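Enquirer: The file below is final_19.cif, mmCIF, C-alpha atoms:
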data_work
loop_
_atom_site.label_atom_id
_atom_site.label_comp_id
_atom_site.auth_asym_id
_atom_site.auth_seq_id
_atom_site.Cartn_x
_atom_site.Cartn_y
_atom_site.Cartn_z
CA MET A 21 -12.80 -2.71 -17.20
CA SER A 22 -13.56 -5.74 -15.09
CA ALA A 23 -10.03 -6.65 -14.04
CA ALA A 24 -9.41 -3.14 -12.69
CA LEU A 25 -12.65 -3.39 -10.71
CA ALA A 26 -11.74 -6.81 -9.35
CA LEU A 27 -8.30 -5.78 -8.12
CA GLY A 28 -9.47 -2.32 -7.06
CA ASP A 29 -12.38 -3.69 -5.05
CA ASP A 30 -10.15 -6.25 -3.34
CA ALA A 31 -7.86 -3.45 -2.19
CA LEU A 32 -10.66 -1.03 -1.26
CA VAL A 33 -12.70 -3.51 0.76
CA LEU A 34 -9.73 -4.94 2.64
CA SER A 35 -8.55 -1.40 3.32
CA HIS A 36 -11.89 -0.54 4.87
CA ARG A 37 -11.95 -3.69 6.97
CA LEU A 38 -8.47 -2.94 8.32
CA GLY A 39 -9.49 0.64 8.98
CA GLN A 40 -12.20 -0.68 11.30
CA TRP A 41 -9.42 -1.66 13.70
CA ALA A 42 -8.61 2.01 14.36
CA GLY A 43 -9.17 2.56 18.06
CA HIS A 44 -9.57 -1.18 18.76
CA ALA A 45 -6.21 -2.82 18.06
CA PRO A 46 -4.57 -4.78 20.90
CA VAL A 47 -1.50 -2.53 21.11
CA LEU A 48 -0.66 0.90 19.73
CA GLU A 49 2.06 -0.36 17.38
CA GLU A 50 -0.41 -2.77 15.85
CA GLU A 51 -3.02 -0.08 15.48
CA VAL A 52 -0.50 1.95 13.49
CA ALA A 53 0.60 -1.09 11.46
CA LEU A 54 -2.95 -2.03 10.43
CA ALA A 55 -3.73 1.59 9.54
CA ASN A 56 -0.54 1.77 7.46
CA ILE A 57 -1.46 -1.39 5.57
CA ALA A 58 -4.98 -0.04 5.06
CA LEU A 59 -3.50 3.17 3.65
CA ASP A 60 -1.29 1.27 1.19
CA LEU A 61 -4.31 -0.69 0.01
CA LEU A 62 -6.40 2.45 -0.30
CA GLY A 63 -3.71 4.02 -2.47
CA GLN A 64 -3.72 0.95 -4.71
CA ALA A 65 -7.51 1.01 -4.86
CA ARG A 66 -7.53 4.64 -5.96
CA VAL A 67 -5.19 3.97 -8.87
CA LEU A 68 -7.01 0.79 -9.91
CA LEU A 69 -10.52 2.21 -9.67
CA SER A 70 -9.39 5.30 -11.60
CA LEU A 71 -8.48 2.94 -14.45
CA ALA A 72 -12.10 1.75 -14.42
CA GLY A 73 -13.90 5.08 -14.03
CA ASP A 74 -14.47 7.77 -11.38
CA GLU A 75 -12.95 6.48 -8.14
CA ASP A 76 -15.45 8.20 -5.84
CA GLU A 77 -18.50 7.09 -7.78
CA LEU A 78 -17.22 3.55 -7.92
CA ALA A 79 -16.41 3.41 -4.23
CA PHE A 80 -19.41 5.22 -2.82
CA LEU A 81 -22.28 4.89 -5.24
CA ARG A 82 -22.27 1.27 -6.34
CA GLU A 83 -24.65 -1.27 -4.88
CA GLU A 84 -23.42 -4.43 -3.27
CA ARG A 85 -23.98 -6.62 -6.34
CA ALA A 86 -21.74 -4.37 -8.45
CA PHE A 87 -18.65 -4.98 -6.30
CA ARG A 88 -16.20 -7.51 -7.75
CA ASN A 89 -13.96 -8.23 -4.75
CA VAL A 90 -13.31 -11.77 -3.60
CA GLN A 91 -15.36 -12.77 -0.56
CA LEU A 92 -12.21 -13.32 1.50
CA VAL A 93 -11.47 -9.62 1.88
CA GLU A 94 -14.99 -8.71 3.01
CA GLN A 95 -15.01 -11.19 5.88
CA PRO A 96 -15.44 -9.43 9.24
CA ASN A 97 -12.34 -8.70 11.30
CA GLY A 98 -13.32 -11.23 13.95
CA ASP A 99 -10.67 -11.55 16.62
CA PHE A 100 -7.09 -10.46 15.90
CA ALA A 101 -6.23 -13.97 14.70
CA HIS A 102 -8.97 -13.81 12.04
CA THR A 103 -7.60 -10.52 10.78
CA ILE A 104 -4.10 -11.96 10.61
CA ALA A 105 -5.25 -15.14 8.84
CA ARG A 106 -7.12 -13.00 6.31
CA GLN A 107 -3.96 -10.90 5.80
CA LEU A 108 -1.79 -13.99 5.38
CA TYR A 109 -4.09 -15.63 2.85
CA PHE A 110 -4.63 -12.45 0.88
CA SER A 111 -1.09 -11.02 0.91
CA ALA A 112 0.34 -14.41 -0.09
CA TYR A 113 -1.90 -14.18 -3.16
CA GLN A 114 -1.57 -10.47 -3.91
CA LEU A 115 2.23 -10.34 -3.84
CA PRO A 116 2.91 -12.98 -6.54
CA LEU A 117 -0.04 -11.63 -8.54
CA TYR A 118 1.40 -8.10 -8.53
CA ARG A 119 4.84 -9.45 -9.38
CA GLU A 120 3.43 -11.26 -12.39
CA LEU A 121 1.56 -8.15 -13.49
CA ALA A 122 4.67 -6.00 -12.96
CA ALA A 123 6.70 -8.31 -15.19
CA GLY A 124 4.25 -7.82 -18.07
CA ASP A 125 3.50 -4.68 -20.05
CA GLY A 126 -0.25 -4.43 -19.44
CA PRO A 127 -2.11 -1.47 -17.92
CA PHE A 128 -1.51 -2.73 -14.37
CA ALA A 129 2.27 -3.04 -14.64
CA PRO A 130 3.30 0.37 -13.19
CA LEU A 131 0.92 0.11 -10.21
CA ALA A 132 1.80 -3.54 -9.62
CA ALA A 133 5.54 -2.81 -9.58
CA LYS A 134 5.03 -0.04 -7.04
CA ALA A 135 2.53 -1.90 -4.90
CA ALA A 136 4.50 -5.16 -4.79
CA GLN A 137 7.12 -3.34 -2.69
CA GLU A 138 4.40 -2.48 -0.19
CA VAL A 139 2.69 -5.87 -0.14
CA ASP A 140 6.06 -7.45 0.58
CA TYR A 141 5.84 -5.71 3.97
CA HIS A 142 2.20 -6.74 4.43
CA LEU A 143 3.02 -10.40 3.88
CA ASP A 144 5.98 -10.18 6.22
CA HIS A 145 3.74 -8.61 8.89
CA ALA A 146 1.15 -11.41 8.52
CA ARG A 147 3.84 -14.09 8.64
CA GLN A 148 5.45 -12.70 11.77
CA TRP A 149 2.10 -12.59 13.57
CA THR A 150 1.11 -16.05 12.37
CA LEU A 151 4.33 -17.40 13.89
CA ARG A 152 3.83 -15.55 17.15
CA LEU A 153 0.21 -16.55 17.56
CA GLY A 154 0.53 -20.11 16.29
CA ASP A 155 3.65 -20.85 18.27
CA GLY A 156 2.58 -18.74 21.24
CA THR A 157 0.27 -19.71 24.08
CA GLN A 158 -2.34 -22.46 24.01
CA GLU A 159 -5.01 -19.81 23.67
CA SER A 160 -3.32 -17.92 20.81
CA HIS A 161 -2.57 -21.20 19.02
CA ALA A 162 -6.19 -22.33 19.26
CA ARG A 163 -7.48 -18.99 18.03
CA MET A 164 -5.05 -18.83 15.12
CA GLN A 165 -5.94 -22.37 14.05
CA ARG A 166 -9.63 -21.56 14.30
CA ALA A 167 -9.15 -18.46 12.14
CA CYS A 168 -7.15 -20.33 9.49
CA ASP A 169 -9.81 -23.02 9.36
CA ALA A 170 -12.72 -20.57 9.21
CA LEU A 171 -11.33 -18.55 6.29
CA TRP A 172 -10.00 -21.52 4.34
CA ARG A 173 -13.12 -21.99 2.25
CA TYR A 174 -12.82 -18.47 0.86
CA THR A 175 -9.34 -19.04 -0.57
CA GLY A 176 -10.30 -21.09 -3.64
CA GLU A 177 -11.88 -18.04 -5.24
CA LEU A 178 -8.53 -16.25 -5.36
CA PHE A 179 -7.37 -18.49 -8.17
CA ARG A 180 -10.34 -18.22 -10.51
CA PRO A 181 -9.76 -16.46 -13.84
CA VAL A 182 -10.38 -12.71 -14.04
CA GLU A 183 -11.37 -11.31 -17.42
CA GLY A 184 -8.87 -8.85 -18.84
CA LEU A 185 -6.25 -9.44 -16.16
CA GLY A 186 -3.54 -10.73 -18.47
CA VAL A 187 -2.38 -13.20 -15.83
CA ASP A 188 -3.93 -16.56 -15.03
CA PRO A 189 -4.45 -16.65 -11.25
CA SER A 190 -4.72 -20.44 -11.26
CA ALA A 191 -1.00 -20.57 -12.07
CA LEU A 192 -0.33 -18.97 -8.67
CA GLU A 193 -2.18 -21.58 -6.65
CA GLN A 194 0.57 -24.15 -6.08
CA GLY A 195 3.02 -21.44 -5.02
CA TRP A 196 0.41 -19.99 -2.66
CA LEU A 197 -0.22 -23.39 -1.06
CA ARG A 198 3.52 -23.89 -0.55
CA SER A 199 4.03 -20.40 0.85
CA VAL A 200 1.07 -20.52 3.26
CA GLY A 201 1.77 -24.15 4.17
CA GLU A 202 5.37 -23.36 5.05
CA VAL A 203 4.36 -20.51 7.40
CA LEU A 204 1.64 -22.57 9.09
CA GLU A 205 4.02 -25.45 9.63
CA ARG A 206 6.65 -23.22 11.22
CA ALA A 207 3.88 -21.76 13.38
CA THR A 208 2.96 -25.31 14.56
CA LEU A 209 -0.41 -24.91 12.87
CA THR A 210 -2.15 -27.39 10.61
CA LEU A 211 -2.92 -26.56 7.00
CA PRO A 212 -6.74 -26.77 6.83
CA ASP A 213 -8.06 -29.53 4.61
CA GLY A 214 -11.63 -28.42 3.95
CA PRO A 215 -12.94 -27.83 0.42
CA ARG A 216 -11.76 -24.73 -1.39
CA SER A 217 -13.77 -25.24 -4.58
CA GLY A 218 -16.97 -26.97 -5.66
CA GLY A 219 -20.39 -26.94 -4.08
CA TRP A 220 -19.33 -26.58 -0.48
CA ALA A 221 -16.74 -23.88 -1.03
CA ALA A 222 -17.56 -20.21 -0.79
CA GLY A 223 -16.64 -17.58 -3.30
CA ALA A 224 -18.64 -15.86 -6.00
CA GLY A 225 -17.56 -12.34 -5.10
CA ARG A 226 -16.10 -11.75 -8.56
CA GLU A 227 -19.62 -12.31 -9.92
CA GLY A 228 -21.08 -9.83 -7.44
CA LEU A 229 -22.43 -12.30 -4.90
CA HIS A 230 -21.32 -11.34 -1.42
CA THR A 231 -21.66 -12.58 2.13
CA GLU A 232 -24.08 -11.22 4.67
CA SER A 233 -21.82 -8.82 6.52
CA PHE A 234 -20.65 -7.07 3.35
CA GLY A 235 -23.87 -5.08 3.02
CA ARG A 236 -23.43 -3.66 6.50
CA MET A 237 -19.81 -2.79 5.77
CA LEU A 238 -20.82 -0.96 2.59
CA ALA A 239 -23.58 0.90 4.41
CA GLU A 240 -21.01 2.18 6.87
CA MET A 241 -18.47 3.02 4.16
CA GLN A 242 -20.92 4.78 1.84
CA HIS A 243 -23.23 6.44 4.33
CA LEU A 244 -21.46 9.79 4.63
CA HIS A 245 -20.95 10.26 0.91
CA ARG A 246 -24.54 9.33 0.10
CA SER A 247 -25.96 11.57 2.85
CA HIS A 248 -24.13 14.63 1.51
CA PRO A 249 -24.02 14.27 -2.28
CA GLY A 250 -21.35 16.42 -3.87
CA ALA A 251 -20.05 17.75 -0.56
CA SER A 252 -16.41 18.71 -0.28
CA TRP A 253 -14.24 19.79 2.61
CA MET B 3 -4.13 11.97 -12.02
CA VAL B 4 -1.86 9.05 -12.63
CA THR B 5 -0.11 8.40 -15.90
CA ARG B 6 1.78 5.31 -16.87
CA GLU B 7 5.19 6.59 -17.78
CA ALA B 8 7.23 9.65 -17.27
CA ALA B 9 6.93 11.54 -20.54
CA ARG B 10 9.99 11.44 -22.71
CA THR B 11 11.82 14.68 -22.50
CA ALA B 12 13.89 16.59 -24.97
CA PRO B 13 17.14 18.06 -23.60
CA GLU B 14 16.37 20.31 -20.66
CA THR B 15 16.15 24.02 -21.37
CA ALA B 16 17.55 26.71 -19.08
CA LEU B 17 14.03 27.62 -17.95
CA GLU B 18 13.19 23.99 -17.19
CA ARG B 19 16.38 23.67 -15.18
CA GLU B 20 15.47 26.77 -13.19
CA LEU B 21 11.90 25.56 -12.57
CA ARG B 22 13.19 22.16 -11.56
CA ARG B 23 15.43 23.87 -9.02
CA VAL B 24 12.45 25.85 -7.63
CA ALA B 25 10.14 22.83 -7.51
CA GLY B 26 12.88 20.61 -6.10
CA ALA B 27 13.57 23.05 -3.26
CA VAL B 28 10.01 22.65 -1.93
CA PRO B 29 10.20 20.91 1.46
CA ASP B 30 8.49 17.56 1.94
CA PRO B 31 5.24 18.25 3.84
CA GLU B 32 5.75 15.39 6.31
CA LEU B 33 9.55 15.49 6.54
CA PRO B 34 10.26 19.19 6.07
CA VAL B 35 13.99 18.75 6.74
CA VAL B 36 14.38 17.31 3.25
CA SER B 37 13.39 18.82 -0.07
CA LEU B 38 11.44 17.04 -2.78
CA ALA B 39 14.63 16.83 -4.86
CA GLU B 40 16.58 15.29 -1.97
CA LEU B 41 13.79 12.80 -1.34
CA GLY B 42 13.93 11.85 -5.02
CA VAL B 43 10.23 12.28 -5.71
CA LEU B 44 10.57 15.06 -8.30
CA ARG B 45 10.82 13.24 -11.61
CA GLY B 46 10.89 16.12 -14.07
CA VAL B 47 9.70 19.52 -15.21
CA ARG B 48 8.61 20.12 -18.78
CA VAL B 49 7.73 23.44 -20.38
CA THR B 50 5.61 23.53 -23.53
CA TYR B 51 4.36 26.42 -25.67
CA ALA B 52 1.01 26.60 -27.46
CA PRO B 53 0.96 28.17 -30.99
CA ASP B 54 -0.25 31.43 -29.41
CA GLY B 55 2.80 31.50 -27.18
CA HIS B 56 1.00 30.41 -24.02
CA ARG B 57 3.42 28.66 -21.71
CA ALA B 58 2.41 25.55 -19.73
CA VAL B 59 4.50 23.83 -17.09
CA ARG B 60 4.09 20.15 -16.31
CA VAL B 61 5.70 18.72 -13.20
CA GLU B 62 6.01 15.01 -12.55
CA LEU B 63 6.06 13.70 -8.99
CA THR B 64 6.27 10.09 -7.90
CA PRO B 65 4.85 8.94 -4.55
CA THR B 66 7.01 7.16 -1.99
CA TYR B 67 4.05 4.84 -1.31
CA THR B 68 1.02 4.41 -3.57
CA GLY B 69 -1.27 5.71 -0.85
CA CYS B 70 1.05 8.45 0.40
CA PRO B 71 -1.37 11.17 1.56
CA ALA B 72 1.36 13.80 1.29
CA ILE B 73 1.28 13.76 -2.51
CA GLY B 74 -1.67 16.17 -2.56
CA ALA B 75 0.10 18.66 -0.30
CA MET B 76 3.29 18.26 -2.34
CA SER B 77 1.41 19.07 -5.55
CA ASP B 78 -0.16 22.17 -3.98
CA ASP B 79 3.20 23.35 -2.64
CA VAL B 80 4.91 22.86 -6.00
CA ARG B 81 2.14 24.75 -7.81
CA ARG B 82 2.41 27.60 -5.29
CA ALA B 83 6.21 27.78 -5.57
CA LEU B 84 6.07 27.90 -9.36
CA ARG B 85 3.31 30.50 -9.34
CA GLU B 86 5.44 32.70 -7.12
CA GLN B 87 8.21 32.25 -9.67
CA GLY B 88 5.83 33.64 -12.30
CA GLN B 89 4.31 30.55 -13.90
CA SER B 90 0.53 30.81 -14.27
CA ASP B 91 -0.25 27.46 -15.94
CA VAL B 92 1.18 24.64 -13.84
CA GLU B 93 0.02 21.05 -13.94
CA VAL B 94 1.37 18.51 -11.45
CA VAL B 95 0.93 14.85 -12.36
CA THR B 96 1.77 11.69 -10.47
CA VAL B 97 3.80 8.99 -12.20
CA LEU B 98 4.31 5.48 -10.84
CA ALA B 99 6.87 4.01 -13.21
CA PRO B 100 9.63 3.40 -12.52
CA PRO B 101 8.67 2.97 -8.86
CA TRP B 102 10.35 5.20 -6.29
CA SER B 103 12.75 3.47 -3.95
CA THR B 104 14.73 4.61 -0.94
CA ASP B 105 17.83 4.44 -3.15
CA ASP B 106 16.45 7.61 -4.77
CA ILE B 107 17.12 9.64 -1.59
CA SER B 108 20.24 11.76 -2.12
CA GLU B 109 23.29 11.75 0.14
CA ASP B 110 22.33 15.22 1.41
CA GLY B 111 18.82 13.93 2.09
CA ARG B 112 20.17 11.02 4.12
CA ARG B 113 22.40 13.28 6.17
CA LYS B 114 19.51 15.68 6.90
CA LEU B 115 17.21 12.84 7.92
CA ALA B 116 19.81 11.57 10.38
CA GLU B 117 20.29 15.07 11.79
CA ALA B 118 16.52 15.28 12.32
CA GLY B 119 16.52 12.07 14.36
CA ILE B 120 15.32 9.75 11.60
CA ALA B 121 17.64 6.88 10.76
CA PRO B 122 18.12 6.96 6.98
CA PRO B 123 17.45 3.84 4.92
CA GLY B 124 20.24 1.44 4.18
CA PRO B 125 20.84 0.02 0.72
CA ARG B 126 17.95 -2.07 -0.48
CA GLY B 127 18.17 -5.74 0.32
CA GLY B 128 15.23 -7.82 -0.79
CA GLY B 129 12.24 -5.79 0.30
CA ALA B 130 10.85 -6.87 3.64
CA VAL B 131 13.41 -9.60 4.17
CA PRO B 132 14.93 -8.94 7.60
CA LEU B 133 17.99 -6.77 7.33
CA SER B 134 21.28 -7.95 8.68
CA LEU B 135 22.83 -4.49 8.46
CA ALA B 136 22.93 -2.60 11.72
CA ILE B 137 20.75 0.48 11.96
CA ARG B 138 22.38 3.29 13.87
CA CYS B 139 20.58 5.28 16.57
CA PRO B 140 20.33 8.88 15.28
CA HIS B 141 20.58 10.19 18.87
CA CYS B 142 23.65 8.48 20.32
CA GLY B 143 25.12 6.68 17.31
CA SER B 144 24.93 3.20 18.82
CA THR B 145 24.21 0.31 16.50
CA ALA B 146 22.52 -1.61 19.33
CA THR B 147 18.96 -0.94 18.19
CA GLU B 148 15.88 -3.11 17.94
CA LEU B 149 12.74 -3.10 15.85
CA LEU B 150 9.52 -2.18 17.69
CA SER B 151 7.24 -2.10 14.66
CA ARG B 152 7.73 -2.22 10.92
CA PHE B 153 5.07 0.45 10.60
CA SER B 154 5.38 3.85 12.21
CA SER B 155 4.17 7.46 12.06
CA THR B 156 4.08 7.43 8.26
CA ALA B 157 3.93 4.59 5.74
CA CYS B 158 7.59 5.04 4.85
CA LYS B 159 9.01 4.62 8.35
CA ALA B 160 9.53 1.85 10.89
CA LEU B 161 9.71 2.34 14.65
CA ARG B 162 12.90 1.28 16.46
CA ARG B 163 14.41 1.67 19.91
CA CYS B 164 18.03 2.15 20.89
CA THR B 165 19.06 -0.29 23.58
CA SER B 166 22.05 1.91 24.52
CA CYS B 167 20.35 5.25 25.19
CA GLY B 168 16.79 3.93 25.43
CA GLU B 169 15.34 6.44 22.96
CA PRO B 170 12.78 5.32 20.39
CA PHE B 171 13.32 6.65 16.87
CA ASP B 172 11.92 6.47 13.36
CA HIS B 173 13.78 4.59 10.68
CA PHE B 174 13.14 5.30 7.01
CA LYS B 175 12.60 1.71 5.96
CA GLU B 176 14.12 0.32 2.81
CA LEU B 177 11.72 0.14 -0.11
#
The structure in this file should be written as structure tokens.

Expert:
Amino acid sequence: MSAALALGDDALVLSHRLGQWAGHAPVLEEEVALANIALDLLGQARVLLSLAGDEDELAFLREERAFRNVQLVEQPNGDFAHTIARQLYFSAYQLPLYRELAAGDGPFAPLAAKAAQEVDYHLDHARQWTLRLGDGTQESHARMQRACDALWRYTGELFRPVEGLGVDPSALEQGWLRSVGEVLERATLTLPDGPRSGGWAAGAGREGLHTESFGRMLAEMQHLHRSHPGASW
Amino acid sequence: MVTREAARTAPETALERELRRVAGAVPDPELPVVSLAELGVLRGVRVTYAPDGHRAVRVELTPTYTGCPAIGAMSDDVRRALREQGQSDVEVVTVLAPPWSTDDISEDGRRKLAEAGIAPPGPRGGGAVPLSLAIRCPHCGSTATELLSRFSSTACKALRRCTSCGEPFDHFKEL
């Protein structure tokens, strides 16, 4: 079920990336916040991947090319601003997507209704930080702008069609641009204007093509399970 | 295991009512001051009989958050409680629809949370939209409190501080 894999992999991969902040976040509250968001996403991933097959096999035994997540979520954490920009871009897409799915009667409706409540908090968290960093010091402003610019080219992929989803993601694009644009403006940041589609844009994650750092992330995520097949504790 | 909908139930039998009382009295593993019934996560108990008379009990729980790690411990505790009551075949399933919300916490549950130093959730506004309602410090009762972090010791709580008595406290955030 390709749509369940696409949404499940988005949640799983972003969850793992956020989990990499454990022990490294700038302040304790933020460490807890990022871990909480990671946990929400992991819960969503478990439900979604279970719709597609065995959750453990899918998470730990697939090769890189079999993952269907968008390239945005696999991007490395970078500095804190990069993590926040990634959260802002992704949550501003995931929330309206889940709301659309929740309003329908497809297989994703129950999970989407539940998870939308959670993603509401994720988006709020990303917005608050975008405002603080963008409208903060010269240094934080510069870093936040750099992060928004660097991840911009991965955002076009969010709105490509996903087979079996029951919702057309392209219909969410204008709302996403408005929502992200409004936050960036309030944060005294500039909406990036680079290409988001076409030859110079990134994004073929849904077809299984991923960026360089994803392989290393998967190696870390899958290593324990693959080293001890069938182990339980 | 996650199923789409809570199964439709016929009128509750006396045995089902009794088992629901037993399962509902199980304390929440992370917030043991409240029971599963008070927290509103016990959706139903259904007893079915096979043609040979074998009795099977099916319990439906709903998670507070999709990724709530306590759901596994809750399921184990419910199974244990029902086994002690004499039920040998107990299945606990997780249902997501309709989604749990903090409005499902009972009045008793709210009072017990406050007594344990956790500010109970207010009525739901619009999700994460900033609340205008004052949140009361569970230690000194002051409404002069401020948000430290929207995310706290568990997914369902936010961290606040009382500016009157200076104590930090958990707040069960509205969901």

Enquirer: Report as a PyMOL selection string all protein, DNA and RNA residues lying within 10 Å of Arg81 of chain B, evaluated on all atoms listed in the file, omitting residues in the same chain fewer than 2 positions from it.

Expert: chain B and resi 25+59-61+75-79+83-87+89-94

Enquirer: Name the residues in contact with Pro71 of chain B at a cut-off of 10 Å, using all atoms listed in the file, excluding same-chain residues fewer than 4 positions from it; report them as JSON, numbers by chain.

Expert: {"A": [59, 60, 63], "B": [31, 32, 65, 66, 67, 75, 76, 156, 157]}

Enquirer: Would you export the selected residues with C-alpha atoms as a compact mmCIF listing (two decimals), in the coordinates of the input, please?

Expert:
# COMPACT_ATOMS: atom_id res chain seq x y z
CA LEU A 59 -3.50 3.17 3.65
CA ASP A 60 -1.29 1.27 1.19
CA GLY A 63 -3.71 4.02 -2.47
CA PRO B 31 5.24 18.25 3.84
CA GLU B 32 5.75 15.39 6.31
CA PRO B 65 4.85 8.94 -4.55
CA THR B 66 7.01 7.16 -1.99
CA TYR B 67 4.05 4.84 -1.31
CA ALA B 75 0.10 18.66 -0.30
CA MET B 76 3.29 18.26 -2.34
CA THR B 156 4.08 7.43 8.26
CA ALA B 157 3.93 4.59 5.74

Enquirer: Please identify all residues of chain B having at least one atom at most 6 Å from any atom of chain A, considering only C-alpha atoms, and return them as a VMD selection string.

Expert: chain B and resid 68 to 69 98 to 99 101 130 153 157

Enquirer: So how far away is atom CA of Glu240 of chain A from atom CA of Glu83 of chain A, in Å?

Expert: 12.8 Å

Enquirer: Any chance you could work out the residue set of the PyMOL selection byres ((chain B and resi 30) around 10) here, as a short mmCIF file (atom, residue, chain, number, x, y, z; two decimals) with C-alpha atoms, in the frame of the given file?

Expert:
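The result, stored in out-v8.cif:
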data_model
loop_
_atom_site.label_atom_id
_atom_site.label_comp_id
_atom_site.auth_asym_id
_atom_site.auth_seq_id
_atom_site.Cartn_x
_atom_site.Cartn_y
_atom_site.Cartn_z
CA GLY B 26 12.88 20.61 -6.10
CA ALA B 27 13.57 23.05 -3.26
CA VAL B 28 10.01 22.65 -1.93
CA PRO B 29 10.20 20.91 1.46
CA PRO B 31 5.24 18.25 3.84
CA GLU B 32 5.75 15.39 6.31
CA LEU B 33 9.55 15.49 6.54
CA PRO B 34 10.26 19.19 6.07
CA VAL B 35 13.99 18.75 6.74
CA VAL B 36 14.38 17.31 3.25
CA SER B 37 13.39 18.82 -0.07
CA LEU B 38 11.44 17.04 -2.78
CA ALA B 39 14.63 16.83 -4.86
CA GLU B 40 16.58 15.29 -1.97
CA LEU B 41 13.79 12.80 -1.34
CA VAL B 43 10.23 12.28 -5.71
CA ALA B 72 1.36 13.80 1.29
CA ILE B 73 1.28 13.76 -2.51
CA ALA B 75 0.10 18.66 -0.30
CA MET B 76 3.29 18.26 -2.34
CA ASP B 79 3.20 23.35 -2.64
#

Enquirer: Identify all residues satisfying the PyMOL selection byres ((chain B and resi 115) around 10) in the given file; provide them as a list in words.

Expert: Leu33, Pro34, Val35, Val36, Leu41, Glu109, Asp110, Gly111, Arg112, Arg113, Lys114, Ala116, Glu117, Ala118, Gly119, Ile120, Ala121, Pro122, Pro123, Pro140, Asp172, His173 and Phe174 of chain B

Enquirer: Please evaluate the PyMOL selection byres ((chain A and resi 188) around 12) against the displayed coordinates and give the resulting residues as a PyMOL selection string.

Expert: chain A and resi 23+116-118+120-121+178-187+189-193

Enquirer: Kindly indicate which residue among B:Asp106, B:Glu62, B:Glu20, B:Glu148 lies nearest to Cys167 of chain B, using all atoms listed in the file for the distances.

Expert: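 Smallest distance to Cys167 of chain B is found for B:Glu148.
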
Enquirer: Just the residues within 10 Å of Ala222 of chain A, please, counting all atoms listed in the file, with nothing from its chain fewer than 3 positions along; format it as a PyMOL selection string.

Expert: chain A and resi 90-92+171-177+215-219+225+230-231

Enquirer: Quick one: pull the distance between atom CA of Arg206 of chain A and atom CA of Asp155 of chain A, Å, one decimal.

Expert: 8.0 Å

Enquirer: Please measure the separation of atom CA of Glu176 of chain B and atom CA of Arg126 of chain B, giving the value in Å to one decimal.

Expert: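 So the two atoms, atom CA of Glu176 of chain B and atom CA of Arg126 of chain B, lie 5.6 Å apart.
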
Enquirer: Let me make sure I understand: among A:Ser252, A:Asp29, A:Gln114, A:Ala162, which one has the smallest atom-to-atom distance to Ala72 of chain A if we use only C-alpha atoms?

Expert: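 When distances to Ala72 of chain A are compared using only C-alpha atoms, the smallest one comes from A:Asp29.
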
Enquirer: I want to know what sits within 10 Å of Glu14 of chain B, based on all atoms listed in the file, with residues of the same chain fewer than 5 positions away left out; could you give that as a list in words?

Expert: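 Residues meeting the cut-off are Arg19, Glu20, Arg22, Gly46, Val47, Arg48 and Val49 of chain B.
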
Enquirer: Taking 4 positions as the minimum chain separation for residues in the same chain, which residues sit within 12 Å of Trp149 of chain A when counting only C-alpha atoms? Answer as an MDAnalysis selection string.

Expert: (chainID A and resid 50 53 100:108 142:145 153:156 160:161 164 203:204 206:207) or (chainID B and resid 151)

Enquirer: I need the residue nearest His243 of chain A from this list: A:Asn89, A:Leu68, A:Phe80, A:Gly28. Use only C-alpha atoms for the distance.

Expert: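 Smallest distance to His243 of chain A is found for A:Phe80.
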
Enquirer: Taking N, CA and C atoms as the atom set, what does segment 50-59 of chain B look like once completed, written as an mmCIF file, in the coordinates of the input?

Expert:
data_model
loop_
_atom_site.group_PDB
_atom_site.id
_atom_site.type_symbol
_atom_site.label_atom_id
_atom_site.label_comp_id
_atom_site.auth_asym_id
_atom_site.auth_seq_id
_atom_site.Cartn_x
_atom_site.Cartn_y
_atom_site.Cartn_z
ATOM 1 N N THR B 50 6.060 23.579 -22.127
ATOM 2 C CA THR B 50 5.610 23.530 -23.530
ATOM 3 C C THR B 50 4.952 24.857 -23.888
ATOM 4 N N TYR B 51 4.948 25.168 -25.188
ATOM 5 C CA TYR B 51 4.360 26.420 -25.670
ATOM 6 C C TYR B 51 3.254 26.101 -26.671
ATOM 7 N N ALA B 52 2.100 26.728 -26.478
ATOM 8 C CA ALA B 52 1.010 26.600 -27.460
ATOM 9 C C ALA B 52 1.348 27.507 -28.643
ATOM 10 N N PRO B 53 0.680 27.316 -29.820
ATOM 11 C CA PRO B 53 0.960 28.170 -30.990
ATOM 12 C C PRO B 53 0.809 29.660 -30.683
ATOM 13 N N ASP B 54 -0.090 29.998 -29.724
ATOM 14 C CA ASP B 54 -0.250 31.430 -29.410
ATOM 15 C C ASP B 54 0.778 31.919 -28.397
ATOM 16 N N GLY B 55 1.742 31.076 -28.082
ATOM 17 C CA GLY B 55 2.800 31.500 -27.180
ATOM 18 C C GLY B 55 2.525 31.214 -25.717
ATOM 19 N N HIS B 56 1.338 30.707 -25.418
ATOM 20 C CA HIS B 56 1.000 30.410 -24.020
ATOM 21 C C HIS B 56 1.920 29.316 -23.469
ATOM 22 N N ARG B 57 2.447 29.595 -22.285
ATOM 23 C CA ARG B 57 3.420 28.660 -21.710
ATOM 24 C C ARG B 57 2.765 27.794 -20.640
ATOM 25 N N ALA B 58 2.960 26.481 -20.724
ATOM 26 C CA ALA B 58 2.410 25.550 -19.730
ATOM 27 C C ALA B 58 3.548 24.745 -19.112
ATOM 28 N N VAL B 59 3.464 24.583 -17.807
ATOM 29 C CA VAL B 59 4.500 23.830 -17.090
ATOM 30 C C VAL B 59 3.887 22.548 -16.566
#
